[in-house]
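The data block below is protein28.cif; it holds mmCIF, C-alpha atoms (C1' of nucleotides).
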```cif
data_model
#
loop_
_atom_site.label_atom_id
_atom_site.label_comp_id
_atom_site.auth_asym_id
_atom_site.auth_seq_id
_atom_site.Cartn_x
_atom_site.Cartn_y
_atom_site.Cartn_z
CA MET N 1 55.58 122.90 57.96
CA LYS N 2 56.69 122.78 54.36
CA ASN N 3 53.84 120.39 53.70
CA LEU N 4 51.30 122.78 55.11
CA ILE N 5 52.56 125.69 53.07
CA GLU N 6 52.53 123.63 49.91
CA TYR N 7 49.02 122.56 50.69
CA ILE N 8 47.86 126.14 51.18
CA LEU N 9 49.57 127.43 48.05
CA GLN N 10 47.48 125.03 45.95
CA PHE N 11 44.54 127.27 46.73
CA GLY N 12 46.03 130.71 46.19
CA ASN N 13 49.20 132.74 46.23
CA LEU N 14 50.94 134.22 49.24
CA ASN N 15 54.15 136.21 49.52
CA GLN N 16 57.03 135.20 51.74
CA GLN N 17 56.03 137.60 54.47
CA GLN N 18 52.56 136.12 54.65
CA ILE N 19 53.96 132.61 54.68
CA ASP N 20 56.25 133.54 57.55
CA LEU N 21 53.36 134.94 59.48
CA ILE N 22 51.38 131.75 59.06
CA SER N 23 54.40 129.70 60.10
CA ARG N 24 54.87 131.74 63.24
CA LYS N 25 51.29 131.13 64.33
CA ALA N 26 51.53 127.38 63.85
CA THR N 27 52.16 125.02 66.75
CA GLU N 28 53.04 121.37 66.63
CA LEU N 29 50.80 118.95 68.47
CA ASP N 30 51.37 115.25 69.08
CA LEU N 31 48.37 113.07 69.59
CA ARG N 32 48.68 109.51 70.70
CA LYS N 33 46.50 106.74 69.30
CA ASP N 34 42.90 107.05 70.51
CA GLU N 35 43.32 110.59 71.86
CA TYR N 36 40.75 113.12 70.78
CA PHE N 37 41.50 116.24 68.80
CA SER N 38 37.97 117.52 69.40
CA GLU N 39 34.89 116.09 71.00
CA ALA N 40 31.16 115.95 70.42
CA GLY N 41 29.29 118.34 72.66
CA LYS N 42 32.19 120.76 72.81
CA ILE N 43 33.06 123.73 70.66
CA SER N 44 35.94 123.14 68.32
CA ARG N 45 38.64 125.69 69.07
CA GLN N 46 41.48 124.86 66.77
CA VAL N 47 42.30 124.14 63.17
CA GLY N 48 44.64 121.24 62.57
CA PHE N 49 46.69 119.88 59.71
CA VAL N 50 47.82 116.28 59.76
CA LEU N 51 51.56 115.86 59.25
CA GLU N 52 51.78 112.22 60.25
CA GLY N 53 49.23 109.59 61.12
CA VAL N 54 45.55 109.00 60.52
CA THR N 55 42.61 110.56 62.30
CA ARG N 56 38.94 109.88 61.93
CA VAL N 57 35.66 111.65 62.53
CA CYS N 58 33.06 109.55 64.29
CA TYR N 59 29.75 109.81 66.06
CA TYR N 60 27.19 107.65 67.79
CA ASN N 61 23.96 106.96 65.97
CA ASN N 62 20.59 106.65 67.67
CA LYS N 63 21.22 102.97 68.37
CA GLY N 64 24.40 103.86 70.21
CA GLU N 65 26.62 102.37 67.54
CA GLU N 66 29.85 104.15 66.86
CA ILE N 67 30.04 105.23 63.22
CA THR N 68 33.20 106.38 61.47
CA LYS N 69 32.16 109.20 59.18
CA TYR N 70 35.48 109.58 57.45
CA PHE N 71 39.21 109.30 57.78
CA ILE N 72 41.69 112.16 57.54
CA GLU N 73 45.20 111.23 56.50
CA GLU N 74 48.42 113.11 56.07
CA ASN N 75 48.38 116.51 54.43
CA ASN N 76 44.78 117.31 55.12
CA LEU N 77 43.08 119.82 57.31
CA VAL N 78 41.26 118.47 60.30
CA VAL N 79 38.59 120.70 61.81
CA ASP N 80 34.86 120.80 62.34
CA PHE N 81 34.36 124.09 60.59
CA GLU N 82 30.72 124.36 61.50
CA SER N 83 31.58 124.14 65.16
CA PHE N 84 34.73 126.24 64.83
CA ASN N 85 33.14 129.08 62.87
CA ASP N 86 29.74 129.33 64.46
CA GLU N 87 30.93 128.40 67.96
CA ILE N 88 28.32 125.71 68.25
CA CYS N 89 28.79 122.35 69.84
CA SER N 90 30.24 119.75 67.57
CA SER N 91 28.24 116.64 66.89
CA ALA N 92 31.21 114.42 66.23
CA TYR N 93 34.50 113.30 67.69
CA VAL N 94 37.80 113.75 65.93
CA GLN N 95 40.14 111.04 67.11
CA ALA N 96 43.66 109.93 66.37
CA VAL N 97 43.53 106.42 64.94
CA THR N 98 47.30 106.11 65.01
CA ASP N 99 49.89 108.24 66.76
CA CYS N 100 49.72 111.59 65.00
CA LYS N 101 51.73 114.71 64.51
CA LEU N 102 49.63 117.78 63.74
CA ILE N 103 50.13 121.46 63.13
CA VAL N 104 47.49 123.47 64.92
CA PHE N 105 46.25 127.04 64.98
CA SER N 106 44.28 128.43 67.86
CA LYS N 107 41.04 130.20 67.08
CA LYS N 108 42.64 133.49 68.10
CA ASP N 109 45.62 133.10 65.78
CA TRP N 110 43.39 131.90 62.98
CA GLN N 111 41.27 135.03 63.34
CA GLU N 112 44.37 137.16 63.31
CA LEU N 113 45.48 135.57 60.06
CA LEU N 114 42.06 136.29 58.59
CA ASN N 115 42.33 139.93 59.63
CA THR N 116 45.93 140.37 58.55
CA ILE N 117 46.39 138.49 55.32
CA VAL N 118 44.45 139.88 52.41
CA GLY N 119 42.95 137.01 50.48
CA TRP N 120 43.35 134.51 53.30
CA ASP N 121 39.60 134.25 53.67
CA THR N 122 39.29 133.38 50.00
CA ILE N 123 41.90 130.66 50.34
CA VAL N 124 40.17 129.26 53.40
CA HIS N 125 36.83 129.28 51.62
CA LYS N 126 38.34 127.36 48.74
CA ILE N 127 39.90 124.82 51.06
CA ILE N 128 36.63 124.27 52.88
CA SER N 129 34.55 124.05 49.74
CA LYS N 130 36.90 121.56 48.22
CA ALA N 131 36.93 119.43 51.35
CA LEU N 132 33.15 119.45 51.50
CA MET N 133 32.78 118.56 47.85
CA GLN N 134 35.22 115.73 48.35
CA LYS N 135 33.15 114.43 51.24
CA VAL N 136 29.99 114.47 49.16
CA ALA N 137 31.78 112.77 46.29
CA ARG N 138 33.09 110.06 48.58
CA ARG N 139 29.84 109.44 50.35
CA SER N 140 27.60 109.18 47.34
CA PRO N 141 28.95 105.96 45.86
CA LEU N 142 28.65 104.27 49.24
CA VAL N 143 24.89 104.43 49.01
CA THR N 144 24.48 102.75 45.67
CA GLU N 145 27.05 100.00 45.52
CA ASP N 146 27.18 96.64 47.20
CA ALA N 147 29.52 95.95 50.09
CA THR N 148 32.42 94.58 48.08
CA GLU N 149 32.43 97.48 45.67
CA ARG N 150 32.24 99.90 48.56
CA TYR N 151 35.33 98.37 50.05
CA LEU N 152 37.15 98.53 46.73
CA LYS N 153 36.18 102.20 46.44
CA PHE N 154 37.45 102.72 49.95
CA LEU N 155 40.80 101.23 48.98
CA GLU N 156 41.00 103.62 46.03
CA ILE N 157 40.09 106.66 48.05
CA TYR N 158 42.25 105.86 51.07
CA PRO N 159 45.04 103.70 49.67
CA THR N 160 47.33 104.38 52.61
CA VAL N 161 44.74 103.96 55.33
CA ALA N 162 43.48 100.39 55.03
CA ASN N 163 46.45 98.77 56.76
CA ARG N 164 46.76 101.31 59.51
CA VAL N 165 43.29 101.33 61.02
CA PRO N 166 41.15 98.71 62.75
CA LEU N 167 38.78 96.69 60.61
CA SER N 168 35.88 97.80 62.76
CA TYR N 169 36.37 101.45 61.82
CA ILE N 170 36.38 100.64 58.14
CA ALA N 171 33.31 98.46 58.53
CA SER N 172 31.32 101.22 60.17
CA TYR N 173 32.54 103.68 57.56
CA LEU N 174 31.22 101.36 54.87
CA GLY N 175 28.00 100.65 56.72
CA ILE N 176 28.60 96.91 57.00
CA THR N 177 29.39 94.54 59.84
CA GLN N 178 32.88 93.53 60.84
CA SER N 179 32.28 89.94 59.82
CA SER N 180 31.07 90.98 56.39
CA LEU N 181 34.17 93.06 55.85
CA SER N 182 36.35 90.22 57.02
CA ARG N 183 34.68 87.92 54.47
CA ILE N 184 34.99 90.49 51.72
CA ARG N 185 38.69 90.78 52.39
CA LYS N 186 39.01 87.02 52.22
CA ASN N 187 37.20 86.91 48.86
CA ILE N 188 39.31 89.63 47.36
CA ARG N 189 42.67 88.05 48.10
CA MET E 1 11.43 137.01 43.82
CA LYS E 2 10.50 137.81 47.40
CA ASN E 3 11.38 134.23 48.26
CA LEU E 4 14.83 134.54 46.77
CA ILE E 5 15.59 137.76 48.60
CA GLU E 6 14.42 136.27 51.89
CA TYR E 7 16.60 133.27 51.24
CA ILE E 8 19.65 135.42 50.57
CA LEU E 9 19.10 137.66 53.58
CA GLN E 10 19.39 134.62 55.86
CA PHE E 11 23.06 134.60 55.00
CA GLY E 12 23.94 138.29 55.31
CA ASN E 13 22.61 141.82 55.10
CA LEU E 14 22.04 143.84 51.97
CA ASN E 15 20.64 147.34 51.51
CA GLN E 16 17.68 148.12 49.30
CA GLN E 17 19.86 149.28 46.44
CA GLN E 18 21.76 146.01 46.42
CA ILE E 19 18.55 144.03 46.57
CA ASP E 20 17.21 145.97 43.62
CA LEU E 21 20.34 145.27 41.65
CA ILE E 22 20.02 141.55 42.29
CA SER E 23 16.36 141.66 41.33
CA ARG E 24 17.13 143.38 38.05
CA LYS E 25 19.63 140.68 37.09
CA ALA E 26 17.21 137.87 37.79
CA THR E 27 15.24 136.18 35.01
CA GLU E 28 12.33 133.80 35.32
CA LEU E 29 12.65 130.41 33.69
CA ASP E 30 10.00 127.76 33.28
CA LEU E 31 11.11 124.19 32.95
CA ARG E 32 8.72 121.45 32.04
CA LYS E 33 8.83 118.02 33.62
CA ASP E 34 11.88 116.06 32.47
CA GLU E 35 13.63 119.05 30.90
CA TYR E 36 17.22 119.63 31.90
CA PHE E 37 18.52 122.68 33.68
CA SER E 38 22.10 121.57 33.07
CA GLU E 39 23.70 118.49 31.62
CA ALA E 40 26.63 116.20 32.28
CA GLY E 41 29.51 116.87 29.95
CA LYS E 42 28.63 120.51 29.58
CA ILE E 43 29.73 123.51 31.56
CA SER E 44 27.11 124.91 33.88
CA ARG E 45 26.46 128.53 32.92
CA GLN E 46 23.72 129.69 35.21
CA VAL E 47 22.70 129.80 38.84
CA GLY E 48 19.11 128.91 39.56
CA PHE E 49 16.70 129.21 42.45
CA VAL E 50 13.64 127.00 42.59
CA LEU E 51 10.40 128.92 43.04
CA GLU E 52 8.03 126.07 42.25
CA GLY E 53 8.49 122.40 41.58
CA VAL E 54 11.11 119.78 42.30
CA THR E 55 14.37 119.18 40.51
CA ARG E 56 16.91 116.46 40.96
CA VAL E 57 20.59 115.89 40.32
CA CYS E 58 21.39 112.57 38.73
CA TYR E 59 24.16 110.70 37.00
CA TYR E 60 24.90 107.34 35.45
CA ASN E 61 27.12 104.96 37.37
CA ASN E 62 29.62 102.62 35.76
CA LYS E 63 26.91 100.00 35.24
CA GLY E 64 24.86 102.51 33.29
CA GLU E 65 22.24 102.79 36.00
CA GLU E 66 20.71 106.17 36.52
CA ILE E 67 21.27 107.35 40.09
CA THR E 68 19.46 110.24 41.72
CA LYS E 69 21.99 112.03 43.86
CA TYR E 70 19.58 114.41 45.51
CA PHE E 71 16.43 116.40 45.13
CA ILE E 72 16.16 120.17 45.16
CA GLU E 73 12.81 121.58 46.20
CA GLU E 74 11.34 125.03 46.43
CA ASN E 75 13.44 127.83 47.86
CA ASN E 76 16.79 126.29 47.22
CA LEU E 77 19.62 127.15 44.92
CA VAL E 78 20.22 124.80 42.05
CA VAL E 79 23.65 124.90 40.45
CA ASP E 80 26.69 122.73 39.99
CA PHE E 81 29.10 125.18 41.56
CA GLU E 82 32.15 123.18 40.72
CA SER E 83 31.28 123.30 37.04
CA PHE E 84 30.01 126.87 37.19
CA ASN E 85 33.01 128.30 39.01
CA ASP E 86 35.85 126.40 37.49
CA GLU E 87 34.28 126.15 34.02
CA ILE E 88 34.79 122.43 33.94
CA CYS E 89 32.37 119.91 32.54
CA SER E 90 29.69 118.85 34.93
CA SER E 91 29.45 115.20 35.82
CA ALA E 92 25.74 115.23 36.54
CA TYR E 93 22.41 116.23 35.08
CA VAL E 94 20.05 118.66 36.76
CA GLN E 95 16.55 117.82 35.69
CA ALA E 96 13.06 119.07 36.42
CA VAL E 97 11.13 116.25 38.05
CA THR E 98 7.91 118.26 37.93
CA ASP E 99 7.07 121.40 36.01
CA CYS E 100 9.23 124.07 37.58
CA LYS E 101 9.49 127.79 37.87
CA LEU E 102 13.00 129.05 38.50
CA ILE E 103 14.82 132.31 38.88
CA VAL E 104 18.10 132.26 37.02
CA PHE E 105 21.23 134.37 36.78
CA SER E 106 23.58 134.14 33.87
CA LYS E 107 27.24 133.65 34.60
CA LYS E 108 27.91 137.20 33.37
CA ASP E 109 25.32 138.80 35.62
CA TRP E 110 26.45 136.67 38.55
CA GLN E 111 30.02 137.87 38.05
CA GLU E 112 28.81 141.43 37.89
CA LEU E 113 27.02 141.01 41.20
CA LEU E 114 30.22 139.63 42.71
CA ASN E 115 32.16 142.64 41.45
CA THR E 116 29.55 145.20 42.43
CA ILE E 117 28.12 144.17 45.75
CA VAL E 118 30.56 144.30 48.61
CA GLY E 119 30.09 141.23 50.74
CA TRP E 120 28.22 139.30 48.06
CA ASP E 121 31.06 136.83 47.78
CA THR E 122 30.86 136.15 51.50
CA ILE E 123 27.15 135.53 51.26
CA VAL E 124 27.65 133.21 48.32
CA HIS E 125 30.37 131.31 50.16
CA LYS E 126 28.06 130.87 53.12
CA ILE E 127 25.25 129.63 50.94
CA ILE E 128 27.50 127.13 49.21
CA SER E 129 29.10 125.89 52.39
CA LYS E 130 25.75 125.40 54.01
CA ALA E 131 24.40 123.53 51.02
CA LEU E 132 27.44 121.27 50.94
CA MET E 133 27.28 120.56 54.64
CA GLN E 134 23.63 119.72 54.26
CA LYS E 135 24.45 117.27 51.50
CA VAL E 136 27.05 115.56 53.64
CA ALA E 137 24.66 115.43 56.56
CA ARG E 138 21.94 113.91 54.39
CA ARG E 139 24.16 111.35 52.74
CA SER E 140 25.86 110.01 55.82
CA PRO E 141 22.88 108.32 57.44
CA LEU E 142 22.07 106.59 54.16
CA VAL E 143 25.19 104.51 54.45
CA THR E 144 24.57 103.10 57.90
CA GLU E 145 20.88 102.41 58.13
CA ASP E 146 18.74 99.69 56.62
CA ALA E 147 16.42 100.36 53.73
CA THR E 148 13.28 101.08 55.77
CA GLU E 149 15.05 103.54 58.01
CA ARG E 150 16.59 105.24 54.99
CA TYR E 151 13.17 105.77 53.52
CA LEU E 152 11.86 107.16 56.80
CA LYS E 153 14.81 109.55 56.89
CA PHE E 154 14.06 110.52 53.34
CA LEU E 155 10.50 111.37 54.33
CA GLU E 156 11.79 113.57 57.13
CA ILE E 157 14.30 115.35 54.96
CA TYR E 158 12.04 115.83 51.95
CA PRO E 159 8.55 115.82 53.42
CA THR E 160 7.05 117.57 50.42
CA VAL E 161 8.85 115.55 47.78
CA ALA E 162 7.73 111.95 48.30
CA ASN E 163 4.38 112.32 46.59
CA ARG E 164 5.59 114.39 43.71
CA VAL E 165 8.36 112.26 42.28
CA PRO E 166 8.48 108.78 40.75
CA LEU E 167 9.22 105.88 43.03
CA SER E 168 12.16 104.91 40.85
CA TYR E 169 13.97 108.18 41.58
CA ILE E 170 13.54 107.74 45.30
CA ALA E 171 14.69 104.14 45.10
CA SER E 172 17.91 105.08 43.34
CA TYR E 173 18.44 107.93 45.79
CA LEU E 174 18.18 105.42 48.62
CA GLY E 175 20.30 102.84 46.86
CA ILE E 176 17.60 100.16 46.80
CA THR E 177 15.51 98.59 44.05
CA GLN E 178 12.08 99.81 43.06
CA SER E 179 10.46 96.64 44.28
CA SER E 180 12.10 96.92 47.67
CA LEU E 181 10.86 100.47 48.04
CA SER E 182 7.40 99.43 46.99
CA ARG E 183 7.41 96.74 49.66
CA ILE E 184 8.74 99.11 52.27
CA ARG E 185 5.91 101.53 51.52
CA LYS E 186 3.43 98.71 51.90
CA ASN E 187 4.88 97.71 55.26
CA ILE E 188 4.81 101.23 56.59
CA ARG E 189 1.14 101.87 55.87
"C1'" DA X 1 57.24 81.66 76.62
"C1'" DT X 2 52.84 82.55 78.91
"C1'" DC X 3 48.81 84.96 80.33
"C1'" DG X 4 45.17 88.14 79.46
"C1'" DC X 5 43.07 91.12 76.41
"C1'" DT X 6 41.53 92.74 71.99
"C1'" DT X 7 40.85 92.09 67.13
"C1'" DT X 8 39.82 89.35 63.34
"C1'" DT X 9 38.09 85.26 61.22
"C1'" DT X 10 34.85 81.66 60.69
"C1'" DG X 11 30.46 78.89 61.16
"C1'" DT X 12 25.60 78.56 61.32
"C1'" DC X 13 21.29 80.22 60.61
"C1'" DA X 14 17.86 83.97 59.82
"C1'" DA X 15 16.42 88.16 57.72
"C1'" DA X 16 16.78 91.60 54.23
"C1'" DT X 17 17.31 92.71 49.69
"C1'" DG X 18 17.92 91.85 44.69
"C1'" DG X 19 16.68 89.88 40.04
"C1'" DC X 20 13.35 88.79 37.05
"C1'" DA X 21 8.86 88.46 35.22
"C1'" DA X 22 4.06 88.93 35.36
"C1'" DA X 23 0.04 91.44 36.97
"C1'" DT X 24 -2.08 95.45 38.16
"C1'" DG X 25 -2.81 100.35 38.10
"C1'" DA X 26 -2.26 105.02 36.18
"C1'" DT X 27 -1.66 108.18 32.45
"C1'" DT X 28 -1.41 109.72 27.83
"C1'" DT X 29 -2.72 109.65 23.05
"C1'" DC X 30 -5.61 109.25 19.52
"C1'" DG P 1 -13.29 105.53 25.90
"C1'" DA P 2 -10.04 102.12 23.99
"C1'" DA P 3 -5.42 101.29 23.12
"C1'" DA P 4 -0.86 102.05 24.09
"C1'" DT P 5 2.53 103.34 27.22
"C1'" DC P 6 4.61 103.87 31.52
"C1'" DA P 7 4.79 103.24 36.68
"C1'" DT P 8 4.00 100.43 40.57
"C1'" DT P 9 3.05 96.25 42.94
"C1'" DT P 10 3.52 91.44 43.70
"C1'" DG P 11 5.32 86.58 43.54
"C1'" DC P 12 9.03 83.52 43.47
"C1'" DC P 13 13.52 82.27 44.27
"C1'" DA P 14 18.64 83.42 44.67
"C1'" DT P 15 21.99 86.05 46.85
"C1'" DT P 16 23.78 89.11 50.14
"C1'" DT P 17 24.23 90.63 54.54
"C1'" DG P 18 23.32 90.50 59.53
"C1'" DA P 19 23.18 88.38 64.27
"C1'" DC P 20 25.28 85.68 67.38
"C1'" DA P 21 28.71 82.69 69.10
"C1'" DA P 22 32.97 80.43 69.10
"C1'" DA P 23 37.60 79.84 67.44
"C1'" DA P 24 41.85 81.71 65.94
"C1'" DA P 25 45.22 85.19 65.59
"C1'" DG P 26 47.65 89.25 67.16
"C1'" DC P 27 49.72 91.92 70.84
"C1'" DG P 28 51.48 93.83 75.01
"C1'" DA P 29 52.96 93.03 79.82
"C1'" DT P 30 55.30 90.19 82.78
#
```
Is it possible to express this structure as structure tokens?
Amino acid sequence: MKNLIEYILQFGNLNQQQIDLISRKATELDLRKDEYFSEAGKISRQVGFVLEGVTRVCYYNNKGEEITKYFIEENNLVVDFESFNDEICSSAYVQAVTDCKLIVFSKKDWQELLNTIVGWDTIVHKIISKALMQKVARRSPLVTEDATERYLKFLEIYPTVANRVPLSYIASYLGITQSSLSRIRKNIR
Amino acid sequence: MKNLIEYILQFGNLNQQQIDLISRKATELDLRKDEYFSEAGKISRQVGFVLEGVTRVCYYNNKGEEITKYFIEENNLVVDFESFNDEICSSAYVQAVTDCKLIVFSKKDWQELLNTIVGWDTIVHKIISKALMQKVARRSPLVTEDATERYLKFLEIYPTVANRVPLSYIASYLGITQSSLSRIRKNIR
DNA sequence: ATCGCTTTTTGTCAAATGGCAAATGATTTC
DNA sequence: GAAATCATTTGCCATTTGACAAAAAGCGAT
């Protein structure tokens, strides 16, 4: 919980009373490897924060291939805000890649926080904007560079993830085949 | 101006008085082909809205190659919000690809709108979030697909842009060489 | 330790893409 | 309208990556 509060306070100030309120609304949730936090075709109904473990967002492209869109590691929010806010069906799965420990807020509690804490909406907006900008910044280099450089960038961006997730997930994140990634790893050593 | 107001009203309601206030703050700006709206290394000081023409955001990668990050066509906002909001140096150029007609707001006027119009901040947040989500959505497929499919996606996303901008810009947007794009075009016909 | 299953690595070959340079086409300038 | 300049296309060959299949390695259950 301390981690979550620290994370939030990066984006704005809250007094102790407000922090307590947020803490009271939070629930712990354990997800085992491969379990879904939210699913494509369903409406996302909770906001999560990763305390331990790695999750990923993935979808199936028009050829039926499973594509990992990005990874979410410790101390990051995990939520499909488009689905959560607008109550529309999500187009992606959020899945635990390792056993995970999350803090979650139900939609109802989240709304209550928005209505109760002055400035909470501003903080949330900042968090979302930053996360989205980060996604854009991480995606862009993947288009231009060759496969090896993409993998090196991946290692920079997700230094703690590479050894905890299957090669196939990383390969689809990078837009290359598993064999290519395996060869790249061999060359780098 | 009508276009801008319509654009804004998609994201929230405003009364006539508020609309008039926004209109009064707006200035027209003509940019000629190749002129910059904002530059890397400088702080972005205005918010723009494209009335006519096409602009692009570009940067130079570590090999010194010029990369087009995306195009901004008519009836879209054009601003580096990270630079504009946080007053930090921008990392990219915003350039007119064709002669352009923009509506612009100075930072000062924009701030005044934020302070004067109740709910304006919410509208702005929605606009930004949507734009960012769109960028993520447009970037992601570029990673997975092969060059021909990327170009076809590009044509879908920017149907009005393909014939108005140099091939080299599109090639760098797609992360392929000019010759490859030229060949792809030949194959598609 | 062994079996069965999944993941990763490796080999072979084919296809896609890049690098470079020349040719062609388009546009601007005088 | 000719020359100069810039953008696009094409040819040739090298390199990268993909497709497919088989081998090797890792891992859990017994």
Could you list the residues chosen by the PyMOL selection byres ((chain N and resi 76-92) around 8) in this structure as a list in words?
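Applied to this file, the PyMOL selection byres ((chain N and resi 76-92) around 8) selects Glu39, Ala40, Gly41, Lys42, Ile43, Ser44, Arg45, Gln46, Val47, Gly48, Phe49, Val50, Val57, Cys58, Tyr59, Ile72, Glu73, Glu74, Asn75, Tyr93, Val94 and Lys107 of chain N.
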Check: which chain P residues lie within 12 Å of chain E using all atoms listed in the file, as a JSON list (two decimals) with C-alpha atoms (C1' of nucleotides), in the frame of the given file:
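What landed in iface-v4.json:
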```
[["chain", "number", "residue", "atom", "x", "y", "z"],
["P", 6, "DC", "C1'", 4.61, 103.87, 31.52],
["P", 7, "DA", "C1'", 4.79, 103.24, 36.68],
["P", 8, "DT", "C1'", 4.00, 100.43, 40.57],
["P", 9, "DT", "C1'", 3.05, 96.25, 42.94],
["P", 10, "DT", "C1'", 3.52, 91.44, 43.70],
["P", 11, "DG", "C1'", 5.32, 86.58, 43.54],
["P", 17, "DT", "C1'", 24.23, 90.63, 54.54],
["P", 18, "DG", "C1'", 23.32, 90.50, 59.53]]
```
Residues selected by the PyMOL selection byres ((chain E) within 8 of (chain N)), written as a PyMOL selection string
chain E and resi 67+69+125+128-129+132-133+135-136+139-140+142-145+172-176
For the provided coordinates, the residues matched by the PyMOL selection byres ((chain X and resi 2) around 9) should be stated as an MDAnalysis selection string.
(chainID X and resid 1 3) or (chainID P and resid 30)
Contacts from chain X to chain N, 12 Å maximum, all atoms listed in the file: show me the residue list as number ranges by chain.
X: 6-11, 17-18
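The space separating atom CA of N:Leu51 from atom CA of N:Lys101 comes to 5.4 Å.
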Residues at most 7 Å from stretch 9-18 of chain N, counting all atoms listed in the file, excluding those fewer than 3 positions away in the same chain, as a PDB file with C-alpha atoms, keeping the file's coordinate frame?
```pdb
ATOM      1  CA  ILE N   5      52.560 125.690  53.070  1.00  0.00           C
ATOM      2  CA  GLU N   6      52.530 123.630  49.910  1.00  0.00           C
ATOM      3  CA  LEU N  21      53.360 134.940  59.480  1.00  0.00           C
ATOM      4  CA  ILE N  22      51.380 131.750  59.060  1.00  0.00           C
ATOM      5  CA  ILE N 117      46.390 138.490  55.320  1.00  0.00           C
ATOM      6  CA  ILE N 123      41.900 130.660  50.340  1.00  0.00           C
ATOM      7  CA  LYS N 126      38.340 127.360  48.740  1.00  0.00           C
ATOM      8  CA  ILE N 127      39.900 124.820  51.060  1.00  0.00           C
TER       9      ILE N 127
END
```
Applying 7 Å and all atoms listed in the file, which residues near N:Asp34 remain after dropping the ones on its own chain fewer than 4 positions away? List them as an MDAnalysis selection string.
chainID N and resid 95:97
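The space separating atom CA of N:Glu28 from atom CA of N:Trp110 comes to 14.7 Å.
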What does the distance between atom C1' of P:DT16 and atom CA of N:Lys153 come to in Å, to one decimal place?
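Atom C1' of P:DT16 sits 18.4 Å away from atom CA of N:Lys153.
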